[in-house]
Amino acid sequence: MELKNKSFPTENQFKSRLLDKELLLGGWASMGSTVATEILGLSGLDWVLIDGEHGANDHSSCVHQLLALNNGPAAAFIRPEANNPILLKRLLDFGFYNFIIPMVENREQAIEAVRATRYPPAGIRGVSVTQRSNRFGLQDDYFSKINDSICVVAQIESQLAVENIQQIASVPGIDCLFIGPQDLAASLGFLANPAAPEVQSVIRSLIDSIHAHNKPIGILVANEEEAKKFQALGVTFIGISSDQSMIKRGAQQIVKAMCS
């Protein structure tokens, strides 16, 4: 009996929702726990970010958490430890479609991120004809469709990035601009104080600049009140909390209720 290749879905439906500027709430998975990440993916969030830049994750734990999200409704995002084409190539081959690229500070870095996620001639992604992302060679239309299905979000988290936001936002293939309040605050001289009026003023200016390019805007917030504030400003891609924060807050609430 001859084994016939099958047509598996390649289109990234989450990318379409992002570009349509639906409100999309997500959570950070930073503990390196497949169980915690699977719980996040089943808890009603639209997306879960597996964080390879900070926290307890390495390449192996990131790919195991991708598998943990496969059976749930939440889209899997990955934040690699750096904007590096070799790191991105490995993550792409294993099956990640959605990327938040840290510390994008200029047009050239934005272009490099996009090119690293595309096969030639549109980019420089290395070619393996049998890897998990193309069902180990069983997906007939993978190479003709995958370039358009990859979602690249550039993280804006420094004063230099703020100065270059017009150039970064204009790069084709950068699907969304994501504001990182903590690093941005540190860059502006307000370490661990993103609530400082000076930082919030820069963030509002950033939001206006990105709106001018008609691209979706993302941000990481500390709580629901902040999320609603930025939603009112037109931010639609919102990281609401993290696995660590949710566990900590839940435990504190229980202890407070029992001791009151």
# chains A, B, ... in the order shown; residues from 1 in each chain; ligands from 1
>>> residues_around(residues="stretch 199-213 of chain A", least_positions_apart="5", cutoff="9 Å", atoms="only C-alpha atoms", output="list in words")
Val162, Ile165, Gln166, Ala169, Ser170, Cys176, Leu177, Ile179, Pro181, Leu184, Ala185, Leu188, Phe190, Asn193, Pro194, Leu233, Gly234 and Val235 of chain A
>>> select_by_dssp(residues="stretch 102-253 of chain A", states="helix (DSSP H, G or I)", output="number ranges by chain")
A: 107-116, 132-137, 142-149, 159-163, 165-169, 181-187, 197-211, 224-232, 243-253
>>> residues_around(residues="A:Ser61", least_positions_apart="4", cutoff="10 Å", atoms="only C-alpha atoms", output="list in words")
Met31, Gly32, Ser33, Thr34, Ile50, Gly52, Ala56, Asn57, Gln65, Leu66 and Leu67 of chain A
>>> residues_around(residues="A:Ile101", least_positions_apart="2", cutoff="7 Å", atoms="only C-alpha atoms", output="PyMOL selection string")
chain A and resi 79-80+83+99+103-104+153-155
>>> closest_atom_pairs(of="stretch 51-132 of chain A", to="stretch 236-250 of chain A", cutoff="12 Å", atoms="only C-alpha atoms", output="JSON lines")
{"residue": "A:Asp51", "atom": "CA", "partner": "A:Ser242", "partner_atom": "CA", "distance": 10.0}
{"residue": "A:His54", "atom": "CA", "partner": "A:Ser242", "partner_atom": "CA", "distance": 11.8}
{"residue": "A:Gly55", "atom": "CA", "partner": "A:Gln244", "partner_atom": "CA", "distance": 9.7}
{"residue": "A:Ala56", "atom": "CA", "partner": "A:Gln244", "partner_atom": "CA", "distance": 11.0}
{"residue": "A:Phe77", "atom": "CA", "partner": "A:Gly239", "partner_atom": "CA", "distance": 11.3}
{"residue": "A:Ile100", "atom": "CA", "partner": "A:Phe237", "partner_atom": "CA", "distance": 11.6}
>>> write_last_selection(atoms="C-alpha atoms", output="mmCIF file, in the first residue's frame")
data_model
loop_
_atom_site.group_PDB
_atom_site.id
_atom_site.type_symbol
_atom_site.label_atom_id
_atom_site.label_comp_id
_atom_site.auth_asym_id
_atom_site.auth_seq_id
_atom_site.Cartn_x
_atom_site.Cartn_y
_atom_site.Cartn_z
ATOM 1 C CA ASP A 51 9.199 32.732 27.623
ATOM 2 C CA HIS A 54 13.510 35.163 31.192
ATOM 3 C CA GLY A 55 12.540 32.501 33.700
ATOM 4 C CA ALA A 56 13.249 28.790 33.909
ATOM 5 C CA PHE A 77 3.728 32.059 21.295
ATOM 6 C CA ILE A 100 7.609 37.833 20.124
#
>>> closest_residue(among="A:Pro9, A:Ala75, A:Ala113, A:Lys228", to="A:Asn134", atoms="only C-alpha atoms")
A:Pro9
>>> select_by_dssp(residues="stretch 72-139 of chain A", states="strand (DSSP E or B)", output="ChimeraX atom specification")
/A:75-79,98-101,139
>>> closest_residue(among="A:Leu88, A:Asp175, A:Gly95, A:Gln139", to="A:Arg118", atoms="only C-alpha atoms")
A:Leu88
>>> residues_around(residues="A:Gln167", least_positions_apart="5", cutoff="10 Å", atoms="only C-alpha atoms", output="VMD selection string")
chain A and resid 105 to 108 110 161
>>> write_last_selection(atoms="N, CA and C atoms", output="short mmCIF file (atom, residue, chain, number, x, y, z; two decimals), in the first residue's frame")
data_model
loop_
_atom_site.label_atom_id
_atom_site.label_comp_id
_atom_site.auth_asym_id
_atom_site.auth_seq_id
_atom_site.Cartn_x
_atom_site.Cartn_y
_atom_site.Cartn_z
N GLU A 105 15.27 47.27 18.29
CA GLU A 105 15.57 48.68 18.52
C GLU A 105 15.68 49.52 17.25
N ASN A 106 15.73 48.87 16.08
CA ASN A 106 15.84 49.66 14.85
C ASN A 106 15.29 48.86 13.68
N ARG A 107 15.22 49.51 12.53
CA ARG A 107 14.66 48.90 11.33
C ARG A 107 15.43 47.65 10.92
N GLU A 108 16.75 47.72 11.01
CA GLU A 108 17.57 46.59 10.57
C GLU A 108 17.29 45.35 11.40
N ALA A 110 14.51 44.66 12.97
CA ALA A 110 13.16 44.20 12.61
C ALA A 110 13.20 43.40 11.31
N ALA A 161 14.49 52.23 20.76
CA ALA A 161 13.36 51.70 20.00
C ALA A 161 12.26 52.73 19.87
#
>>> residues_around(residues="A:Tyr119", least_positions_apart="4", cutoff="10 Å", atoms="only C-alpha atoms", output="PDB file with C-alpha atoms, in the first residue's frame")
ATOM      1  CA  ARG A 115      13.933  37.347   7.265  1.00  0.00           C
ATOM      2  CA  GLY A 123      14.302  35.304   3.910  1.00  0.00           C
ATOM      3  CA  ILE A 124      17.185  33.200   5.168  1.00  0.00           C
ATOM      4  CA  ARG A 125      15.486  30.359   7.061  1.00  0.00           C
ATOM      5  CA  GLY A 126      17.440  27.140   6.638  1.00  0.00           C
ATOM      6  CA  VAL A 127      15.636  24.270   4.923  1.00  0.00           C
ATOM      7  CA  PHE A 143       6.690  25.197   1.769  1.00  0.00           C
ATOM      8  CA  SER A 144       4.254  27.114  -0.422  1.00  0.00           C
ATOM      9  CA  ILE A 146       4.336  28.670   5.626  1.00  0.00           C
ATOM     10  CA  ASN A 147       6.017  32.036   4.975  1.00  0.00           C
TER      11      ASN A 147
END
>>> residues_around(residues="A:Gly180", least_positions_apart="5", cutoff="8 Å", atoms="only C-alpha atoms", output="PyMOL selection string")
chain A and resi 155-157+219-220
>>> write_last_selection(atoms="C-alpha atoms", output="PDB file, in the first residue's frame")
ATOM      1  CA  GLN A 155       9.003  44.023  21.316  1.00  0.00           C
ATOM      2  CA  ILE A 156       9.629  47.721  21.943  1.00  0.00           C
ATOM      3  CA  GLU A 157      11.427  48.117  25.235  1.00  0.00           C
ATOM      4  CA  ILE A 219       1.538  45.322  26.005  1.00  0.00           C
ATOM      5  CA  LEU A 220       2.240  43.371  29.191  1.00  0.00           C
TER       6      LEU A 220
END
>>> atom_distance(atom1="atom CA of A:Gly218", atom2="atom CA of A:Phe178")
4.1 Å
